[in-house]
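Chemist: Got a structure for you, questions after.
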Amino acid sequence: MEALTLSNTQKHRTTVDIYGQQFVIMGTESPSHIRLVASLVDDKMREISSKNPMLDVNKLAVLTAVNAVNDYIKIKDQLERLQAELQKEKDN
């Protein structure tokens with residue numbers, strides 16, 4: 001089992017299963033949050049794998065990370081646009 005650290009302050013150790021492998025995630029987030037994140041990663045890996053069954057696990061993990069960061073950037077951009085609109089409304 002690999003231990004992954006989500007932050008410098010190690011308060012919680014949570015064992016999760018992602019794509020058939022167990023990981024111990026250490027971080028300050030609650031165990032339920034860590035399990036949710038792991039479940040979403042597992043779901044995304046399985047979704048991508050079902051569409052690309054010939055991918056090896058390393059490529060699958062990279063594509064999953066690319067998808068996650070793409071989604072993050074889109075949401076971050078949307079948040080910034082909404083914050084700018086809100087600020088514009090406040091200034092009027």
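Labels for the structure tokens follow display order: chains A, B, ..., residues from 1 in each chain, ligands from 1.
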Can you list, as a PyMOL selection string, every protein, DNA or RNA residue that comes within 12 Å of Asp56 of chain A when you count only C-alpha atoms, leaving out same-chain residues fewer than 6 positions away?
Modeler: chain A and resi 19+45+48-49+62-63
Chemist: Among the residues of chain A, find those DSSP assigns to strand (DSSP E) from the backbone and print them as a VMD selection string.
Modeler: chain A and resid 2 to 5 12 to 18 21 to 27
Chemist: Excluding Ile34 of chain A and residues on its chain fewer than 5 positions from it, collect all residues at most 9 Å away from it, counting only C-alpha atoms, and give them as a PyMOL selection string.
Modeler: chain A and resi 14-16+25-27+29+39
Chemist: Take the residues that were just selected and, keeping C-alpha atoms, output them as a short mmCIF file (atom, residue, chain, number, x, y, z; two decimals), in the first residue's frame.
Modeler:
data_model
loop_
_atom_site.label_atom_id
_atom_site.label_comp_id
_atom_site.auth_asym_id
_atom_site.auth_seq_id
_atom_site.Cartn_x
_atom_site.Cartn_y
_atom_site.Cartn_z
CA THR A 14 -7.77 6.86 5.53
CA THR A 15 -7.48 3.67 3.51
CA VAL A 16 -9.23 3.87 0.15
CA ILE A 25 -4.27 8.85 2.21
CA MET A 26 -2.96 11.10 4.97
CA GLY A 27 -4.25 14.64 5.38
CA GLU A 29 -9.48 16.53 5.43
CA SER A 39 -14.58 7.35 -5.09
#
Chemist: If I take atom CA of Asp42 of chain A and atom CA of Val69 of chain A, how far is one from the other in Å, to one decimal?
Modeler: 15.3 Å
